[in-house]
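With compact mmCIF, C-alpha atoms inside, this is final00.txt:
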# COMPACT_ATOMS: atom_id res chain seq x y z
CA MET A 1 17.82 23.48 20.18
CA GLY A 2 17.10 24.31 23.84
CA GLY A 3 17.38 22.09 26.86
CA ALA A 4 15.31 19.10 27.84
CA VAL A 5 13.64 19.19 31.23
CA SER A 6 14.70 17.50 34.44
CA ALA A 7 13.20 14.16 35.39
CA GLY A 8 10.24 14.22 37.73
CA GLU A 9 9.64 12.10 40.80
CA ASP A 10 6.04 11.57 39.68
CA ASN A 11 3.73 12.57 36.84
CA ASP A 12 2.80 15.93 38.39
CA GLU A 13 6.42 16.94 38.84
CA LEU A 14 7.20 15.98 35.25
CA ILE A 15 4.35 18.28 34.13
CA ASP A 16 5.62 21.05 36.43
CA ASN A 17 9.00 20.80 34.71
CA LEU A 18 7.48 20.82 31.23
CA LYS A 19 5.53 23.96 32.15
CA GLU A 20 8.61 25.63 33.59
CA ALA A 21 10.51 24.93 30.38
CA GLN A 22 7.59 26.30 28.29
CA TYR A 23 6.83 23.02 26.52
CA ILE A 24 3.33 23.06 28.05
CA ARG A 25 1.80 26.51 27.62
CA THR A 26 -1.99 26.17 27.81
CA GLU A 27 -4.38 25.03 30.53
CA LEU A 28 -6.20 22.46 28.39
CA VAL A 29 -2.96 20.68 27.52
CA GLU A 30 -1.77 20.80 31.13
CA GLN A 31 -5.04 19.27 32.38
CA ALA A 32 -4.79 16.43 29.86
CA PHE A 33 -1.18 15.65 30.80
CA ARG A 34 -1.96 15.64 34.52
CA ALA A 35 -5.04 13.46 34.06
CA ILE A 36 -3.17 10.51 32.52
CA ASP A 37 -0.15 9.09 34.30
CA ARG A 38 2.61 8.43 31.78
CA ALA A 39 3.87 5.48 33.86
CA ASP A 40 0.60 3.62 33.24
CA TYR A 41 1.71 3.16 29.61
CA TYR A 42 5.03 1.54 30.53
CA LEU A 43 5.66 -2.11 31.15
CA GLU A 44 6.06 -2.71 34.88
CA GLU A 45 9.80 -3.40 34.75
CA PHE A 46 10.50 -0.08 32.98
CA LYS A 47 8.35 2.28 35.05
CA ASP A 48 11.37 3.78 36.85
CA ASN A 49 12.10 5.69 33.62
CA ALA A 50 8.55 6.91 33.03
CA TYR A 51 9.10 10.47 34.30
CA LYS A 52 12.32 11.15 32.42
CA ASP A 53 12.20 13.37 29.35
CA LEU A 54 13.26 10.50 27.12
CA ALA A 55 11.62 8.23 24.58
CA TRP A 56 11.05 4.58 25.44
CA LYS A 57 10.99 1.57 23.13
CA HIS A 58 10.50 -2.12 23.82
CA GLY A 59 9.91 -4.32 20.79
CA ASN A 60 7.20 -2.61 18.78
CA ILE A 61 5.96 -0.59 21.76
CA HIS A 62 7.13 3.00 21.73
CA LEU A 63 6.54 6.28 23.57
CA SER A 64 8.00 9.60 22.41
CA ALA A 65 9.69 11.93 24.88
CA PRO A 66 7.33 14.08 26.99
CA CYS A 67 8.69 17.30 25.47
CA ILE A 68 7.77 16.04 21.98
CA TYR A 69 4.22 15.12 23.00
CA SER A 70 3.90 18.53 24.66
CA GLU A 71 4.87 20.38 21.49
CA VAL A 72 2.51 18.18 19.44
CA MET A 73 -0.46 18.77 21.77
CA GLU A 74 0.13 22.53 21.79
CA ALA A 75 0.53 22.70 18.00
CA LEU A 76 -2.69 20.75 17.36
CA ASP A 77 -4.74 23.49 19.05
CA LEU A 78 -7.37 20.98 20.17
CA GLN A 79 -10.94 21.97 20.99
CA PRO A 80 -14.04 20.04 22.09
CA GLY A 81 -15.99 18.41 19.28
CA LEU A 82 -13.16 18.18 16.72
CA SER A 83 -12.17 15.05 14.79
CA PHE A 84 -8.65 13.67 15.26
CA LEU A 85 -6.62 11.08 13.36
CA ASN A 86 -3.44 9.65 14.91
CA LEU A 87 -1.17 7.96 12.35
CA GLY A 88 1.05 5.52 14.21
CA SER A 89 -1.13 5.58 17.31
CA GLY A 90 1.15 3.26 19.31
CA THR A 91 0.27 2.77 22.98
CA GLY A 92 -2.70 5.13 22.78
CA TYR A 93 -1.18 7.52 25.34
CA LEU A 94 -1.43 10.55 23.05
CA SER A 95 -4.87 9.52 21.72
CA SER A 96 -6.22 9.23 25.27
CA MET A 97 -4.95 12.69 26.23
CA VAL A 98 -6.50 14.10 23.07
CA GLY A 99 -9.78 12.33 23.91
CA LEU A 100 -10.01 14.22 27.22
CA ILE A 101 -10.05 17.51 25.29
CA LEU A 102 -12.29 16.44 22.39
CA GLY A 103 -15.13 15.47 24.73
CA PRO A 104 -18.12 13.22 24.01
CA PHE A 105 -18.96 14.74 20.63
CA GLY A 106 -15.51 14.50 19.08
CA VAL A 107 -14.02 11.81 16.83
CA ASN A 108 -10.83 10.02 17.87
CA HIS A 109 -9.29 7.51 15.45
CA GLY A 110 -5.87 5.86 15.28
CA VAL A 111 -4.03 3.75 12.72
CA GLU A 112 -1.26 1.43 13.92
CA LEU A 113 0.91 -0.91 11.86
CA HIS A 114 1.51 -3.61 14.51
CA SER A 115 -1.28 -5.83 15.85
CA ASP A 116 0.52 -6.46 19.17
CA VAL A 117 0.74 -2.70 19.78
CA ILE A 118 -2.99 -2.28 19.09
CA GLU A 119 -3.72 -5.00 21.66
CA TYR A 120 -1.44 -3.24 24.16
CA ALA A 121 -3.17 0.09 23.48
CA LYS A 122 -6.62 -1.45 24.03
CA GLN A 123 -5.49 -2.93 27.36
CA LYS A 124 -4.17 0.44 28.52
CA LEU A 125 -7.36 2.20 27.39
CA ASP A 126 -9.50 -0.32 29.26
CA PHE A 127 -7.35 0.14 32.38
CA PHE A 128 -7.75 3.93 32.19
CA ILE A 129 -11.53 3.78 31.78
CA LYS A 130 -12.04 1.25 34.58
CA THR A 131 -9.62 2.58 37.19
CA SER A 132 -8.78 6.28 36.71
CA ASP A 133 -10.73 8.96 38.56
CA SER A 134 -9.73 11.29 35.72
CA PHE A 135 -12.31 9.50 33.57
CA ASP A 136 -15.06 11.00 35.74
CA LYS A 137 -13.52 14.49 35.73
CA PHE A 138 -13.82 14.74 31.94
CA GLU A 139 -16.28 13.69 29.27
CA PHE A 140 -14.07 11.35 27.26
CA CYS A 141 -13.90 10.77 23.51
CA GLU A 142 -12.81 7.15 23.49
CA PRO A 143 -10.23 6.40 20.77
CA SER A 144 -10.81 3.66 18.19
CA PHE A 145 -7.77 1.91 16.69
CA VAL A 146 -7.45 0.04 13.39
CA ILE A 147 -4.53 -1.98 12.08
CA GLY A 148 -2.80 -1.10 8.84
CA ASN A 149 -0.25 1.08 7.11
CA CYS A 150 -1.20 4.75 7.33
CA LEU A 151 -0.03 5.26 3.73
CA GLU A 152 -2.83 2.94 2.55
CA ILE A 153 -5.89 4.72 3.94
CA SER A 154 -8.90 4.29 1.70
CA PRO A 155 -9.32 7.31 -0.60
CA ASP A 156 -13.02 7.56 0.27
CA CYS A 157 -12.32 8.15 3.98
CA THR A 158 -13.64 11.22 5.75
CA GLN A 159 -11.31 14.18 6.33
CA TYR A 160 -10.29 15.28 9.82
CA ASP A 161 -9.93 18.53 11.76
CA ARG A 162 -6.62 17.45 13.30
CA VAL A 163 -4.04 14.90 12.12
CA TYR A 164 -0.77 13.80 13.72
CA CYS A 165 1.81 11.44 12.24
CA GLY A 166 4.32 9.91 14.66
CA ALA A 167 6.93 8.86 12.07
CA GLY A 168 9.12 10.78 9.65
CA VAL A 169 7.17 11.68 6.52
CA GLN A 170 9.05 11.58 3.23
CA LYS A 171 8.60 14.60 0.98
CA GLU A 172 6.78 12.53 -1.65
CA HIS A 173 4.02 11.75 0.90
CA GLU A 174 3.43 15.36 1.99
CA ASP A 175 0.44 15.91 -0.32
CA TYR A 176 -1.08 12.58 0.74
CA MET A 177 -1.00 13.73 4.37
CA LYS A 178 -2.41 17.17 3.53
CA ASN A 179 -5.40 15.61 1.80
CA LEU A 180 -6.48 13.97 5.06
CA LEU A 181 -7.32 17.45 6.41
CA LYS A 182 -10.53 19.44 6.27
CA VAL A 183 -10.28 23.10 5.30
CA GLY A 184 -9.29 24.90 8.51
CA GLY A 185 -7.64 21.74 9.84
CA ILE A 186 -4.16 21.30 11.32
CA LEU A 187 -1.61 18.60 10.47
CA VAL A 188 1.45 18.03 12.68
CA MET A 189 4.18 15.70 11.44
CA PRO A 190 7.97 15.30 11.20
CA LEU A 191 8.87 16.52 7.71
CA GLU A 192 12.47 16.90 6.52
CA GLU A 193 13.78 16.56 10.09
CA LYS A 194 11.52 19.29 11.44
CA LEU A 195 8.38 18.85 13.48
CA THR A 196 6.06 20.78 11.19
CA LYS A 197 2.62 22.35 11.62
CA ILE A 198 0.55 22.70 8.43
CA THR A 199 -2.79 24.53 8.45
CA ARG A 200 -5.20 24.09 5.55
CA THR A 201 -6.49 27.60 4.91
CA GLY A 202 -8.41 26.77 1.72
CA PRO A 203 -9.09 23.92 -0.75
CA SER A 204 -5.60 24.41 -2.23
CA ALA A 205 -4.02 26.81 0.27
CA TRP A 206 -1.70 25.96 3.18
CA GLU A 207 0.32 27.66 5.88
CA THR A 208 3.46 25.89 7.12
CA LYS A 209 5.37 26.47 10.35
CA LYS A 210 8.51 24.65 11.49
CA ILE A 211 8.27 23.93 15.23
CA LEU A 212 11.25 21.85 16.32
CA ALA A 213 14.31 20.12 14.87
CA VAL A 214 13.89 16.34 15.29
CA SER A 215 14.84 13.13 13.55
CA PHE A 216 12.17 10.42 13.53
CA ALA A 217 12.37 6.96 12.04
CA PRO A 218 10.73 7.18 8.59
CA LEU A 219 7.31 5.85 7.67
CA ILE A 220 7.39 2.21 6.61
CA GLN A 221 6.47 1.81 2.98
CA PRO A 222 3.49 -0.43 2.15
CA ASN A 223 3.99 -4.10 1.24
CA HIS A 224 1.78 -4.91 -1.73
CA THR A 225 -0.10 -8.20 -2.00
CA ASP A 226 0.76 -10.89 -4.54
CA SER A 227 -1.70 -9.31 -6.95
CA GLY A 228 0.18 -6.01 -6.68
CA LYS A 229 -2.70 -4.28 -4.92
CA SER A 230 -2.33 -2.46 -1.62
CA ARG A 231 -4.32 -3.42 1.49
CA LEU A 232 -6.62 -0.46 1.97
CA VAL A 233 -7.13 0.74 5.54
CA HIS A 234 -10.77 1.51 6.28
CA LEU A 235 -11.17 3.93 9.16
CA PRO A 236 -14.01 3.50 11.67
CA PRO A 237 -17.33 5.10 10.69
CA VAL A 238 -18.35 8.22 12.57
CA ALA A 239 -20.91 6.81 14.99
CA VAL A 240 -24.10 8.62 15.98
CA ARG A 241 -24.73 8.40 19.72
CA SER A 242 -27.93 6.79 20.92
CA LEU A 243 -30.57 8.79 22.80
CA GLN A 244 -29.74 6.72 25.90
CA ASP A 245 -26.07 7.63 25.66
CA LEU A 246 -26.89 11.32 25.11
CA ALA A 247 -29.08 11.23 28.23
CA ARG A 248 -26.19 9.77 30.25
CA ILE A 249 -23.84 12.53 29.04
CA ALA A 250 -26.43 15.20 29.91
CA ILE A 251 -27.11 13.78 33.40
CA ARG A 252 -23.41 13.49 34.22
CA GLY A 253 -22.86 17.05 32.99
CA THR A 254 -25.69 18.35 35.20
CA ILE A 255 -24.31 16.54 38.25
CA LYS A 256 -20.85 17.99 37.62
CA LYS A 257 -22.32 21.49 37.51
CA ILE A 258 -24.02 20.87 40.86
CA ILE A 259 -20.74 19.60 42.34
CA HIS A 260 -18.94 22.69 41.01
CA GLN A 261 -21.54 25.03 42.51
CA GLU A 262 -21.29 23.22 45.87
CA ALA A 263 -17.49 23.57 45.75
CA LEU A 264 -17.83 27.30 45.10
CA GLY A 265 -20.20 27.52 48.05
CA ARG A 266 -17.71 25.81 50.33
CA ALA A 267 -14.98 28.15 49.12
CA GLY A 268 -17.24 31.11 49.88
CA ASP A 269 -17.66 29.82 53.43
CA GLY A 270 -13.92 30.19 53.93
CA LEU A 271 -13.04 26.49 53.82
CA LYS A 272 -9.40 26.07 52.85
CA SER A 273 -8.06 23.60 50.33
CA PRO A 274 -5.60 21.00 51.63
CA PRO A 275 -1.98 22.20 51.43
CA ARG A 276 0.03 21.22 48.40
CA PHE A 277 3.36 19.53 48.91
CA LYS A 278 6.47 21.51 48.21
CA ARG A 279 8.21 20.24 45.13
CA ARG A 280 11.95 20.44 44.70
CA ARG A 281 13.24 23.18 42.46
CA LEU A 282 13.66 22.62 38.75
CA ARG A 283 17.21 22.11 37.57
CA ARG A 284 17.65 22.81 33.90
CA ARG A 285 20.18 20.98 31.79
CA ARG A 286 20.97 22.41 28.38
CA MET A 287 21.37 20.05 25.47
CA GLU A 288 22.68 20.48 22.00
CA THR A 289 19.97 18.48 20.28
CA ILE A 290 17.31 15.84 20.66
CA VAL A 291 17.61 13.07 18.06
CA PHE A 292 15.27 10.14 17.45
CA LEU A 293 17.03 7.12 16.01
CA ASP A 294 14.82 4.10 15.43
CA LYS A 295 12.32 5.88 17.65
CA GLU A 296 14.85 6.32 20.48
CA VAL A 297 15.91 9.70 21.81
CA PHE A 298 19.51 10.70 22.38
CA ALA A 299 20.66 13.98 23.86
CA SER A 300 24.14 15.47 24.00
CA ARG A 301 24.82 18.05 26.69
CA ILE A 302 26.93 21.15 26.19
CA SER A 303 28.47 23.33 28.81
CA SER A 304 27.76 27.01 29.22
CA PRO A 305 29.54 29.86 31.04
CA SER A 306 26.89 29.69 33.73
CA ASP A 307 27.65 26.05 34.62
CA ASP A 308 29.93 26.98 37.52
CA ASN A 309 27.27 29.28 38.92
CA ASN A 310 24.68 26.55 38.45
CA ASN A 311 26.85 24.12 40.43
CA CYS A 312 26.95 26.59 43.33
CA GLU A 313 23.19 27.05 43.08
CA ASP A 314 22.69 23.26 43.10
CA MET A 315 24.77 22.95 46.30
CA GLU A 316 22.69 25.70 47.92
CA GLU A 317 19.47 24.00 46.80
CA GLU A 318 20.64 20.68 48.27
CA ARG A 319 21.42 22.40 51.58
CA LEU A 320 17.95 24.00 51.65
CA GLU A 321 16.32 20.67 50.79
CA GLU A 322 18.15 18.97 53.67
CA GLU A 323 16.97 21.68 56.05
CA GLU A 324 13.42 21.31 54.74
CA GLU A 325 13.53 17.54 55.26
CA SER A 326 14.71 17.99 58.85
CA LYS A 327 11.58 20.01 59.68
CA PRO A 328 8.39 18.27 60.81
CA SER A 329 6.54 17.08 57.71
CA GLU A 330 3.31 18.73 56.70
CA LEU A 331 0.11 16.86 57.23
CA LYS A 332 -0.70 14.81 54.14
CA PRO A 333 -3.99 15.72 52.46
CA ASP A 334 -6.70 13.11 52.33
CA PRO A 335 -6.85 10.95 49.19
CA PRO A 336 -8.81 12.66 46.39
CA VAL A 337 -12.54 12.05 46.43
CA ASN A 338 -14.50 11.12 43.31
CA PHE A 339 -17.43 13.45 43.97
CA LEU A 340 -19.27 12.46 40.79
CA ARG A 341 -19.27 8.82 41.78
CA GLU A 342 -20.42 9.61 45.32
CA LYS A 343 -23.21 11.83 44.03
CA VAL A 344 -24.45 9.25 41.52
CA LEU A 345 -24.44 6.46 44.11
CA SER A 346 -26.48 8.63 46.48
CA LEU A 347 -29.26 9.21 43.93
CA PRO A 348 -32.63 7.48 44.53
CA LEU A 349 -32.25 5.34 41.40
CA PRO A 350 -32.14 1.60 40.72
CA ASP A 351 -28.62 0.21 40.96
CA PRO A 352 -28.43 -0.82 37.27
CA LEU A 353 -29.14 2.79 36.26
CA LYS A 354 -26.50 4.11 38.68
CA TYR A 355 -23.90 1.77 37.24
CA TYR A 356 -24.89 2.76 33.71
CA LEU A 357 -24.29 6.41 34.62
CA LEU A 358 -20.87 5.36 35.93
CA TYR A 359 -20.05 3.39 32.76
CA TYR A 360 -20.04 0.22 34.90
CA ARG A 361 -16.76 1.26 36.51
CA GLU A 362 -16.08 -0.76 39.65
CA LYS A 363 -13.72 1.69 41.40
This structure in structure tokens:
Amino acid sequence: MGGAVSAGEDNDELIDNLKEAQYIRTELVEQAFRAIDRADYYLEEFKDNAYKDLAWKHGNIHLSAPCIYSEVMEALDLQPGLSFLNLGSGTGYLSSMVGLILGPFGVNHGVELHSDVIEYAKQKLDFFIKTSDSFDKFEFCEPSFVIGNCLEISPDCTQYDRVYCGAGVQKEHEDYMKNLLKVGGILVMPLEEKLTKITRTGPSAWETKKILAVSFAPLIQPNHTDSGKSRLVHLPPVAVRSLQDLARIAIRGTIKKIIHQEALGRAGDGLKSPPRFKRRRLRRRRMETIVFLDKEVFASRISSPSDDNNNCEDMEEERLEEEEESKPSELKPDPPVNFLREKVLSLPLPDPLKYYLLYYREK
């Protein structure tokens, strides 16, 4: 297949590279990737590798390569208000990005085999909600995780608009996965060493598209109990929001509209946005294949006739970068302002109500 992207110096540069390489192609997906820093889902001692286009595994904790998540997000064709089921939800990184697109009236469920990974995912979700300004820029569909084997989901569970499976699906389980979908729904999963998109076009009608050649570790088969019965996985019920919660969503939405109108007014007055920093140029590296082995990614590079030319271009880029660094640095923009938080705190309301509108976030 094609080449993986260059490593980024930070999350934004990683996303720039994914866009340049056409892994990220739509604005909704780009916004979700930029809103959640991939490094936040790494253990502290491994964060130096967070912005490389590689998978990461430590014990039961696992993150797929950014290019894989990009293809998955694009293939799912997510929209506000849809229901989503993540089979093998892992750290919750993908589920949280999906939740930013689904919005407050979506459904966001995950099934994970390992209890320690579910605990890790809940910690990362709590950290995102409490500390990230991105939480206030979106209306978030908070994911709910349950423990169990995704091949043992209760047959009376609801069907979903979108389903993703993060492990290799054996051919004999294809129909099981399809039956989790509503009519009109989309299923994305590794099937026969291809990342595959299946759309349910009718009660017994399907459209299948092969997206990408990959090799994932296969789904783990269920372990039956002593009685020979499987341990059924019961997914969370679809909750109905309270009137109080609906009011909070409506108030926050109204305030965001006011902030947006004020920003348009400032732009109309000729106020300029702070300058963006210049990022270094993307350097592509072609690879023969991307292979997942025990949920790790390995890439083998191949040379091309243009390699010599690329080396010359790299030397020229390095020279230009050195010249750029020798120039006086641009003024750094001020830290980003959480306008929603400032607006809520300025309202003539009792403090408990203000904090409720802010979801009791301390930052």
Range 69-80 of chain A surroundings by all atoms listed in the file, 7 Å radius, close-in-sequence under 4 positions cut, as a tab-separated table (two decimals) with C-alpha atoms, in the frame of the given file:
chain	number	residue	atom	x	y	z
A	23	TYR	CA	6.83	23.02	26.52
A	24	ILE	CA	3.33	23.06	28.05
A	29	VAL	CA	-2.96	20.68	27.52
A	64	SER	CA	8.00	9.60	22.41
A	65	ALA	CA	9.69	11.93	24.88
A	101	ILE	CA	-10.05	17.51	25.29
A	102	LEU	CA	-12.29	16.44	22.39
A	103	GLY	CA	-15.13	15.47	24.73
A	106	GLY	CA	-15.51	14.50	19.08
A	162	ARG	CA	-6.62	17.45	13.30
A	186	ILE	CA	-4.16	21.30	11.32
A	188	VAL	CA	1.45	18.03	12.68
A	197	LYS	CA	2.62	22.35	11.62
Of the candidates A:Asn17, A:Leu264, A:Asn149, A:Leu357, which shows the shortest atom-to-atom distance to Ala247 in chain A, using all atoms listed in the file?
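With all atoms listed in the file as the atom set, the closest residue is A:Leu357.
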Rank nothing, just name the residue among A:Met97, A:Ile255, A:Leu85, A:Ala21 nearest to Leu187 in chain A, using all atoms listed in the file.
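The shortest atom-to-atom distance to Leu187 in chain A comes from A:Leu85.
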With all atoms listed in the file as the counted atoms, please give the residues lying no more than 10 Å from Ala205 in chain A, apart from itself and same-chain residues fewer than 4 positions off, as a PyMOL selection string.
chain A and resi 183-184+199-201
List the neighbours of Leu212 in chain A out to 9 Å using all atoms listed in the file; skip same-chain residues closer than 3 positions along the sequence, and give me the result as a count of residues only.
8
From the options A:Leu82, A:Ala55, A:Met189, A:Leu340, which residue's atoms come nearest to Gly253 in chain A, counting all atoms listed in the file?
A:Leu340
Show me, as a count of residues only, the residues that have an atom within 9 Å of Arg361 in chain A when counting all atoms listed in the file, minus same-chain residues fewer than 2 positions from it.
8
Can you tell me which residues surround range 107-110 of chain A at a distance of at most 10 Å, considering all atoms listed in the file, apart from same-chain residues fewer than 5 positions away, and format the answer as a ChimeraX atom specification?
/A:80-90,92,95-96,98-99,102,118,141-148,150,160-165,235-239
Put the listed atoms of range 193-197 of chain A in a box along x, y and z with 3 Å added on every side and give me the centre and edge lengths in Å to one decimal, as lines of an AutoDock Vina configuration file.
center_x = 8.2
center_y = 19.5
center_z = 11.8
size_x = 17.2
size_y = 11.8
size_z = 9.4
Interatomic distance, CA of Thr208 in chain A to CA of Ala167 in chain A (Å, one decimal)
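According to the coordinates, CA of Thr208 in chain A and CA of Ala167 in chain A are separated by 18.1 Å.
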Tell me which of A:Val344, A:Leu219, A:Val5, A:Leu353 sits closest to Arg252 in chain A, counting only C-alpha atoms.
A:Val344
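Computed from the coordinates, the CA of Lys182 in chain A to CA of Ala213 in chain A distance equals 26.3 Å.
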Out of A:Pro66, A:Gly168, A:Pro222, A:Pro203, which residue has the shortest atom-to-atom distance to Leu191 in chain A when counting only C-alpha atoms?
A:Gly168
Just to confirm, what's the straight-line distance from CA of Thr254 in chain A to CA of Phe127 in chain A in Å (one decimal)?
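Distance reported for this atom pair: 26.0 Å.
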